[in-house]
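Q: Contents are compact mmCIF, C-alpha atoms; file name data_11.txt:
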# COMPACT_ATOMS: atom_id res chain seq x y z
CA MET A 1 -17.32 -16.95 -32.34
CA ARG A 2 -15.49 -16.50 -29.05
CA SER A 3 -15.18 -19.42 -26.70
CA ASN A 4 -17.19 -19.72 -23.50
CA THR A 5 -13.93 -19.32 -21.58
CA THR A 6 -13.40 -15.89 -23.06
CA ASP A 7 -17.03 -14.98 -22.40
CA THR A 8 -16.69 -15.83 -18.73
CA GLN A 9 -13.38 -13.99 -18.48
CA LEU A 10 -14.84 -10.65 -19.54
CA PRO A 11 -17.04 -10.15 -16.43
CA ARG A 12 -14.10 -11.06 -14.20
CA LEU A 13 -11.79 -8.57 -15.87
CA THR A 14 -14.43 -5.85 -15.93
CA ILE A 15 -15.16 -6.26 -12.23
CA ALA A 16 -11.46 -6.54 -11.34
CA TYR A 17 -10.42 -3.37 -13.15
CA LEU A 18 -13.51 -1.47 -12.00
CA MET A 19 -12.78 -2.35 -8.37
CA GLY A 20 -9.14 -1.45 -8.85
CA ALA A 21 -10.07 1.95 -10.28
CA LEU A 22 -12.54 2.65 -7.48
CA LEU A 23 -10.02 1.66 -4.82
CA THR A 24 -7.36 3.87 -6.40
CA PHE A 25 -9.79 6.79 -6.42
CA PHE A 26 -10.68 6.08 -2.79
CA TYR A 27 -7.02 6.24 -1.80
CA PHE A 28 -6.16 9.19 -3.99
CA VAL A 29 -8.77 11.82 -3.23
CA PRO A 30 -10.58 11.20 0.09
CA PHE A 31 -7.49 9.89 1.88
CA LEU A 32 -5.32 12.82 0.85
CA ALA A 33 -8.10 15.21 1.82
CA ALA A 34 -8.34 13.53 5.23
CA ILE A 35 -4.60 13.88 5.80
CA TRP A 36 -4.65 17.56 4.82
CA LEU A 37 -7.69 18.29 6.99
CA ALA A 38 -6.15 16.56 10.02
CA ASN A 39 -3.07 18.78 9.72
CA GLN A 40 -5.28 21.85 9.47
CA ALA A 41 -7.16 20.71 12.58
CA LEU A 42 -3.87 20.45 14.45
CA ARG A 43 -3.18 24.13 13.71
CA ARG A 44 -6.76 25.29 14.12
CA PRO A 45 -8.62 23.47 16.95
CA GLY A 46 -11.93 24.78 15.64
CA LEU A 47 -11.65 22.32 12.74
CA ARG A 48 -11.28 19.23 14.92
CA ALA A 49 -15.02 18.47 14.96
CA LEU A 50 -15.16 18.73 11.15
CA ASN A 51 -12.09 16.52 10.88
CA ALA A 52 -13.69 13.86 13.10
CA VAL A 53 -16.95 13.96 11.14
CA TYR A 54 -15.10 13.59 7.84
CA LEU A 55 -13.15 10.59 9.09
CA LEU A 56 -16.36 9.03 10.41
CA MET A 57 -17.88 9.50 6.95
CA LEU A 58 -14.95 7.59 5.43
CA SER A 59 -15.47 4.84 8.01
CA ALA A 60 -19.16 4.74 7.07
CA LEU A 61 -18.23 4.40 3.38
CA GLY A 62 -15.96 1.50 4.26
CA ALA A 63 -18.76 -0.11 6.27
CA ALA A 64 -21.17 0.41 3.38
CA ALA A 65 -18.73 -1.34 1.04
CA GLY A 66 -18.53 -4.24 3.49
CA VAL A 67 -22.32 -4.46 3.74
CA VAL A 68 -22.68 -4.52 -0.05
CA ILE A 69 -20.12 -7.31 -0.36
CA VAL A 70 -21.86 -9.35 2.36
CA ILE A 71 -25.26 -8.87 0.72
CA VAL A 72 -23.88 -10.00 -2.63
CA ALA A 73 -22.41 -13.06 -0.92
CA LEU A 74 -25.68 -13.94 0.79
CA ILE A 75 -28.00 -13.53 -2.19
CA GLY A 76 -25.57 -14.54 -4.92
CA ALA A 77 -25.38 -18.29 -4.30
CA ALA A 78 -28.10 -18.98 -6.86
CA ASP A 79 -27.12 -16.18 -9.23
CA PRO A 80 -25.25 -17.46 -12.33
CA SER A 81 -23.56 -14.09 -12.86
CA VAL A 82 -21.99 -14.30 -9.39
CA ALA A 83 -20.99 -17.91 -9.97
CA GLN A 84 -18.98 -16.74 -12.99
CA LEU A 85 -16.61 -14.99 -10.60
CA GLY A 86 -15.10 -18.38 -9.80
CA ALA A 87 -12.81 -18.51 -6.77
CA ALA A 88 -13.57 -14.88 -5.94
CA ALA A 89 -17.22 -15.79 -5.24
CA SER A 90 -16.21 -17.91 -2.26
CA GLY A 91 -14.23 -14.97 -0.90
CA LEU A 92 -17.13 -12.54 -0.88
CA LEU A 93 -18.33 -13.26 2.66
CA PRO A 94 -14.89 -13.17 4.36
CA ALA A 95 -13.97 -10.07 2.35
CA GLY A 96 -17.14 -8.31 3.48
CA ALA A 97 -16.54 -9.34 7.08
CA VAL A 98 -12.96 -8.05 6.99
CA MET A 99 -14.10 -4.76 5.50
CA LEU A 100 -16.76 -4.32 8.18
CA LEU A 101 -14.27 -5.10 10.94
CA CYS A 102 -11.72 -2.61 9.58
CA ALA A 103 -14.39 0.07 9.15
CA ALA A 104 -15.42 -0.42 12.78
CA LEU A 105 -11.79 -0.17 13.92
CA SER A 106 -11.43 2.97 11.81
CA ALA A 107 -14.26 4.63 13.72
CA ILE A 108 -13.09 3.35 17.14
CA ALA A 109 -9.60 4.76 16.48
CA LEU A 110 -11.05 8.26 16.66
CA LEU A 111 -12.10 7.86 20.30
CA PRO A 112 -9.81 9.60 22.82
CA SER A 113 -9.73 6.43 24.93
CA ALA A 114 -8.52 4.44 21.91
CA GLY A 115 -5.76 6.97 21.33
CA ARG A 116 -4.66 6.71 24.95
CA TRP A 117 -4.61 2.91 24.75
CA VAL A 118 -2.58 2.86 21.52
CA SER A 119 -0.13 5.42 22.95
CA ARG A 120 1.05 2.76 25.41
CA TRP A 121 2.75 0.94 22.54
CA LEU A 122 3.25 3.61 19.87
CA PRO A 123 4.85 7.08 20.13
CA ILE A 124 1.64 8.96 19.33
CA GLU A 125 -0.14 11.78 21.12
CA PRO A 126 -3.70 10.69 22.01
CA GLY A 127 -5.15 14.14 21.39
CA ASN A 128 -3.27 14.80 18.17
CA PRO A 129 -5.77 14.80 15.25
CA VAL A 130 -3.03 13.85 12.77
CA HIS A 131 -2.06 10.77 14.76
CA LEU A 132 -5.69 9.72 15.28
CA ALA A 133 -6.38 10.23 11.57
CA ALA A 134 -3.37 8.02 10.77
CA LEU A 135 -4.79 5.24 12.95
CA SER A 136 -8.25 5.57 11.43
CA LEU A 137 -7.02 5.65 7.84
CA THR A 138 -4.70 2.72 8.50
CA ALA A 139 -7.64 0.52 9.46
CA LEU A 140 -9.53 1.52 6.32
CA ALA A 141 -6.52 1.00 4.06
CA LEU A 142 -5.90 -2.46 5.51
CA GLY A 143 -9.55 -3.34 4.90
CA PHE A 144 -9.55 -2.27 1.27
CA ASN A 145 -6.17 -3.88 0.61
CA PHE A 146 -7.26 -7.22 2.05
CA VAL A 147 -10.45 -7.04 -0.01
CA GLN A 148 -8.25 -6.67 -3.07
CA SER A 149 -6.28 -9.77 -2.07
CA ILE A 150 -9.41 -11.81 -1.42
CA LEU A 151 -11.53 -10.66 -4.37
CA VAL A 152 -9.64 -8.78 -7.10
CA LEU A 153 -6.56 -11.01 -7.28
CA PRO A 154 -8.54 -14.24 -7.91
CA LEU A 155 -10.51 -12.46 -10.64
CA LEU A 156 -7.29 -11.51 -12.41
CA LEU A 157 -5.62 -14.89 -11.93
CA GLU A 158 -8.58 -16.71 -13.47
CA SER A 159 -8.62 -14.42 -16.51
CA ASP A 160 -6.64 -14.56 -19.73
CA LEU A 161 -4.76 -11.28 -19.39
CA ASP A 162 -3.00 -11.72 -22.72
CA ALA A 163 -6.34 -11.89 -24.47
CA ALA A 164 -7.45 -8.83 -22.56
CA ALA A 165 -4.65 -6.78 -24.13
CA VAL A 166 -3.84 -4.94 -20.94
CA SER A 167 -2.23 -1.61 -21.76
CA VAL A 168 -0.11 -0.01 -19.07
CA SER A 169 1.81 3.23 -19.48
CA TYR A 170 4.62 4.71 -17.44
CA LEU A 171 2.06 7.13 -16.02
CA ASP A 172 -0.02 4.23 -14.71
CA VAL A 173 2.97 2.85 -12.81
CA LEU A 174 4.19 6.22 -11.56
CA ILE A 175 0.93 7.83 -10.47
CA PHE A 176 0.11 5.57 -7.53
CA PRO A 177 3.46 4.75 -5.90
CA LEU A 178 5.04 8.11 -6.66
CA LEU A 179 2.31 10.73 -6.72
CA VAL A 180 -0.17 9.34 -4.18
CA PHE A 181 2.33 8.04 -1.62
CA LEU A 182 4.59 11.06 -1.99
CA LEU A 183 1.72 13.49 -1.48
CA ALA A 184 0.34 11.48 1.42
CA GLY A 185 3.73 11.44 3.14
CA LEU A 186 4.46 15.11 2.60
CA LEU A 187 0.98 16.24 3.65
CA GLY A 188 1.11 13.94 6.66
CA VAL A 189 4.19 15.62 8.12
CA GLY A 190 2.87 19.12 7.59
CA TRP A 191 3.82 20.19 4.07
CA LEU A 192 1.86 23.32 3.08
CA SER A 193 0.51 23.68 6.61
CA ARG A 194 2.89 23.62 9.59
CA ARG A 195 6.49 22.81 8.55
CA ASP A 196 8.97 24.63 6.34
CA GLN A 197 11.32 22.77 4.01
CA GLN A 198 14.12 22.28 6.53
CA ALA A 199 11.79 21.04 9.25
CA LEU A 200 10.10 18.80 6.67
CA PHE A 201 13.39 17.10 5.74
CA GLU A 202 14.32 16.67 9.39
CA ARG A 203 10.98 15.07 10.22
CA LEU A 204 11.23 12.70 7.26
CA GLY A 205 14.81 11.78 8.11
CA LEU A 206 16.40 12.88 4.84
CA ARG A 207 20.11 13.17 5.61
CA PRO A 208 23.32 12.51 3.66
CA LEU A 209 24.84 9.06 4.09
CA THR A 210 28.35 8.54 5.37
CA LEU A 211 30.60 6.18 3.39
CA ARG A 212 30.11 3.53 6.06
CA GLN A 213 26.32 3.88 5.93
CA LEU A 214 26.41 3.75 2.13
CA ALA A 215 28.49 0.55 2.14
CA ILE A 216 26.24 -1.13 4.71
CA THR A 217 23.09 -0.10 2.83
CA LEU A 218 24.37 -1.56 -0.44
CA LEU A 219 25.51 -4.74 1.31
CA VAL A 220 22.12 -5.18 2.97
CA THR A 221 20.41 -4.60 -0.38
CA ALA A 222 22.57 -7.26 -2.00
CA VAL A 223 21.53 -9.72 0.71
CA LEU A 224 17.87 -8.86 0.12
CA LEU A 225 18.30 -9.43 -3.61
CA GLY A 226 19.88 -12.81 -2.95
CA MET A 227 16.99 -13.69 -0.66
CA ALA A 228 14.42 -12.66 -3.29
CA ILE A 229 16.12 -14.69 -6.02
CA GLY A 230 16.42 -17.69 -3.71
CA ALA A 231 12.77 -17.38 -2.66
CA GLU A 232 11.70 -17.42 -6.30
CA ALA A 233 13.74 -20.58 -6.90
CA LEU A 234 12.13 -22.20 -3.85
CA TRP A 235 8.68 -21.12 -5.02
CA ARG A 236 9.38 -22.59 -8.46
CA ALA A 237 10.31 -25.90 -6.87
CA ILE A 238 7.32 -26.02 -4.53
CA ASP A 239 4.54 -24.44 -6.62
CA PRO A 240 5.55 -23.83 -10.25
CA VAL A 241 1.94 -23.34 -11.35
CA GLY A 242 1.30 -20.67 -8.72
CA LEU A 243 4.55 -18.91 -9.62
CA GLU A 244 3.63 -18.94 -13.30
CA LYS A 245 0.21 -17.42 -12.59
CA ILE A 246 1.53 -14.64 -10.35
CA GLY A 247 4.43 -14.00 -12.72
CA GLY A 248 2.10 -13.84 -15.70
CA LEU A 249 -0.17 -11.44 -13.85
CA SER A 250 2.73 -9.16 -12.95
CA GLU A 251 4.01 -9.16 -16.51
CA ALA A 252 0.56 -8.38 -17.91
CA LEU A 253 -0.07 -5.58 -15.43
CA LEU A 254 3.36 -4.05 -16.09
CA GLY A 255 2.91 -4.31 -19.85
CA ASP A 256 6.04 -3.16 -21.69
CA LEU A 257 7.67 -1.61 -18.63
CA SER A 258 10.87 -3.60 -18.80
CA GLY A 259 14.50 -3.08 -19.64
CA LEU A 260 16.58 -0.16 -18.42
CA THR A 261 13.91 2.55 -18.71
CA GLY A 262 11.28 0.37 -17.07
CA ALA A 263 13.64 -0.53 -14.25
CA LEU A 264 14.48 3.14 -13.71
CA ALA A 265 10.82 4.21 -13.73
CA ILE A 266 9.59 1.50 -11.38
CA GLY A 267 12.65 1.76 -9.15
CA LEU A 268 12.45 5.52 -8.71
CA ALA A 269 8.66 5.66 -8.33
CA ALA A 270 8.52 3.04 -5.59
CA ALA A 271 11.71 4.17 -3.84
CA ILE A 272 10.71 7.81 -3.57
CA GLY A 273 6.95 7.53 -3.11
CA GLU A 274 6.73 4.50 -0.85
CA GLU A 275 9.72 5.34 1.32
CA VAL A 276 8.69 8.96 1.91
CA PHE A 277 5.29 7.73 3.07
CA PHE A 278 6.02 4.47 4.90
CA ARG A 279 9.46 4.92 6.43
CA GLY A 280 9.65 8.72 6.35
CA ALA A 281 6.25 9.94 7.54
CA TYR A 282 4.46 6.89 8.93
CA GLN A 283 6.98 4.73 10.79
CA PRO A 284 8.27 7.29 13.35
CA ARG A 285 4.75 7.50 14.80
CA MET A 286 3.19 4.14 13.98
CA GLY A 287 6.17 1.89 14.66
CA LEU A 288 8.08 -0.73 12.69
CA LEU A 289 5.58 -3.60 12.87
CA LEU A 290 2.46 -1.67 11.91
CA THR A 291 4.38 0.05 9.11
CA THR A 292 5.51 -3.30 7.75
CA LEU A 293 1.97 -4.68 7.91
CA LEU A 294 0.57 -1.70 6.01
CA PHE A 295 3.45 -1.79 3.51
CA THR A 296 2.83 -5.49 2.86
CA SER A 297 -0.90 -4.97 2.41
CA PHE A 298 -0.23 -2.59 -0.48
CA HIS A 299 1.56 -5.38 -2.36
CA THR A 300 -1.55 -7.48 -2.87
CA GLN A 301 -0.58 -8.49 -6.42
CA TYR A 302 1.41 -11.35 -4.90
CA GLY A 303 -1.47 -12.82 -2.90
CA PHE A 304 -0.59 -14.83 0.19
CA THR A 305 2.51 -16.57 -1.17
CA ILE A 306 6.25 -16.89 -0.63
CA ALA A 307 6.56 -13.49 -2.29
CA THR A 308 4.52 -12.01 0.56
CA VAL A 309 7.05 -13.33 3.05
CA VAL A 310 9.78 -11.63 1.03
CA VAL A 311 7.86 -8.34 1.11
CA VAL A 312 7.51 -8.62 4.91
CA VAL A 313 11.25 -9.18 5.33
CA VAL A 314 12.09 -6.35 2.93
CA GLY A 315 9.74 -4.01 4.80
CA LEU A 316 11.28 -4.90 8.14
CA VAL A 317 14.82 -4.39 6.84
CA PHE A 318 13.96 -1.03 5.27
CA GLY A 319 12.40 -0.02 8.58
CA ILE A 320 15.55 -0.95 10.47
CA LEU A 321 17.63 1.07 8.00
CA ARG A 322 15.38 4.04 8.75
CA ARG A 323 15.94 3.61 12.49
CA ARG A 324 19.69 3.09 12.31
CA PHE A 325 20.60 5.45 9.46
CA SER A 326 18.04 7.65 7.69
CA LEU A 327 15.31 7.77 5.11
CA THR A 328 18.02 8.32 2.50
CA ALA A 329 19.30 4.78 3.11
CA CYS A 330 15.77 3.41 2.63
CA VAL A 331 15.28 5.24 -0.66
CA LEU A 332 18.62 4.03 -1.98
CA ALA A 333 18.05 0.42 -0.89
CA HIS A 334 14.53 0.35 -2.31
CA PHE A 335 15.65 1.81 -5.64
CA VAL A 336 18.55 -0.62 -6.09
CA TYR A 337 16.37 -3.57 -5.03
CA ASN A 338 13.54 -2.81 -7.49
CA PHE A 339 15.89 -1.70 -10.27
CA VAL A 340 17.87 -4.94 -10.24
CA LEU A 341 14.83 -7.21 -9.97
CA VAL A 342 13.03 -5.51 -12.86
CA LEU A 343 16.21 -5.48 -14.94
CA ILE A 344 16.83 -9.22 -14.55
CA ALA A 345 13.16 -10.25 -14.81
Can you dump the structure from the file as structure tokens?
A:
Amino acid sequence: MRSNTTDTQLPRLTIAYLMGALLTFFYFVPFLAAIWLANQALRRPGLRALNAVYLLMLSALGAAAGVVIVIVALIGAADPSVAQLGAAASGLLPAGAVMLLCAALSAIALLPSAGRWVSRWLPIEPGNPVHLAALSLTALALGFNFVQSILVLPLLLESDLDAAAVSVSYLDVLIFPLLVFLLAGLLGVGWLSRRDQQALFERLGLRPLTLRQLAITLLVTAVLLGMAIGAEALWRAIDPVGLEKIGGLSEALLGDLSGLTGALAIGLAAAIGEEVFFRGAYQPRMGLLLTTLLFTSFHTQYGFTIATVVVVVVGLVFGILRRRFSLTACVLAHFVYNFVLVLIA
């Protein structure tokens, strides 16, 4: 017979992976469709009403998710099945509240007055449907990412992932950071709608590096690697149990993706996909700070720990490289950073 511990772990794992799959689907299909439609609306003003309605529907879905989470929190106190969720149960109400707030901000971002207000601080055009869609989708993405941090991460940390026999393929690792982010970035800057290849590369900031820029990029990456290794040592000294849990979770979720091939796969997927989206397409319009916040929110597997601080610093540095040099420098730095860390893990 299986132990009670294993029995209580199964609902947590089921809910965690189900939520993860649903969130991935939410990012992959509706978000990409929203980005494509916003670009079409920029070319064809007659589609702007449809674009606004579609984005409002996504906001409504986000609000509905928040309402469901709040209802579960309110009625689940006496429900044994909810109590089995452990630490995640206490996060239901704040997670629902955050999701509702972000859904409301997502809808407000579509107002012309909101666009004019944001344009005081960010280089966006208030009447540009692509820029307004970016603001709206940012609020939704932040909401869903924070929900993952508050709910899904505790479910995974309290579960025996080794016993769950998590199976992860190279496709699982590549599909989200490479395919989804790459498509989102390319569609966002007008691929297949309003920019040819040359204009696309110029907008993204893909340019050759000079020898000086190459040397500085590699030096900066080496400093970031030293910071990451030092942060892990500090984390080990301050909270060895927390480090072991997060490290075990990362290893379980990555499965057998280690060694040279794993380092190459993870390094290339994140470097190309994430940099094209965050620093190539997103940052020039949404600014360094908001880009870093969104970038950090997509790394929810670390929770709110020392590793999160490292991600913030890395995001800021990559953003500065984009400003000073080009997207090419960001892709190179991101690849070397991930490749080395996976290789020495």
Q: What does the structure give for the distance between atom CA of A:Val53 and atom CA of A:Phe295, in Å to one decimal?
A: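 We find that atom CA of A:Val53 and atom CA of A:Phe295 lie 26.9 Å from each other.
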Q: Please report the interatomic distance between atom CA of A:Gln198 and atom CA of A:Thr217 in Å with one decimal.
A: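 We find that atom CA of A:Gln198 and atom CA of A:Thr217 lie 24.4 Å from each other.
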Q: What gap, in Å, lies between atom CA of A:Gly315 and atom CA of A:Phe335?
A: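 Going from atom CA of A:Gly315 over to atom CA of A:Phe335 covers 13.3 Å.
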Q: Can you tell me, as an NGL selection string, which residues sit within 9 Å of (14.0, -0.1, -6.8) in the file's frame, using only C-alpha atoms?
A: :A and (263-271 or 331-342)
Q: In terms of the shortest atom-to-atom distance over only C-alpha atoms, which of A:Leu289, A:Ile150, A:Leu47, A:Thr300 is closest to A:Val317?
A: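 Closest to A:Val317 of all the choices is A:Leu289.
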Q: Can you tell me, as a ChimeraX atom specification, which residues sit within 8 Å of (-4.2, 18.2, 14.6) in the file's frame, using only C-alpha atoms?
A: /A:38-45,48,127-131
Q: Hey, which of A:Leu192, A:His299, A:Met227, A:Gly62 ends up closest to A:Ala103? Count all atoms listed in the file.
A: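 Ranking A:Leu192, A:His299, A:Met227, A:Gly62 by distance to A:Ala103, first place goes to A:Gly62.
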Q: Pick the closest to A:Pro30 from A:Leu93, A:Ser59, A:Arg116, A:Trp235: which is it, counting only C-alpha atoms?
A: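 Distance minimum relative to A:Pro30 lands on A:Ser59.
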Q: Just the residues within 12 Å of A:Thr210, please, counting only C-alpha atoms, with nothing from its chain fewer than 2 positions along; format it as a PyMOL selection string.
A: chain A and resi 207-208+212-217+325-326+328-329
Q: Just checking: using all atoms listed in the file, which residue out of A:Trp191, A:Leu243, A:Thr138, A:Leu218 ends up closest to A:Ser106?
A: A:Thr138
Q: Taking all atoms of stretch 44-53 of chain A that appear in the file, build a box with edges along x, y and z, extend it by 4 Å on every side, and state its centre and edge lengths in Å to one decimal, as JSON.
A:
{"center_x": -11.9, "center_y": 19.6, "center_z": 13.9, "size_x": 18.2, "size_y": 19.4, "size_z": 14.1}
Q: Of the candidates A:Gly259, A:Gly280, A:Gly287, A:Pro126, which one gets nearest to A:Leu186 if we count all atoms listed in the file?
A: A:Gly280
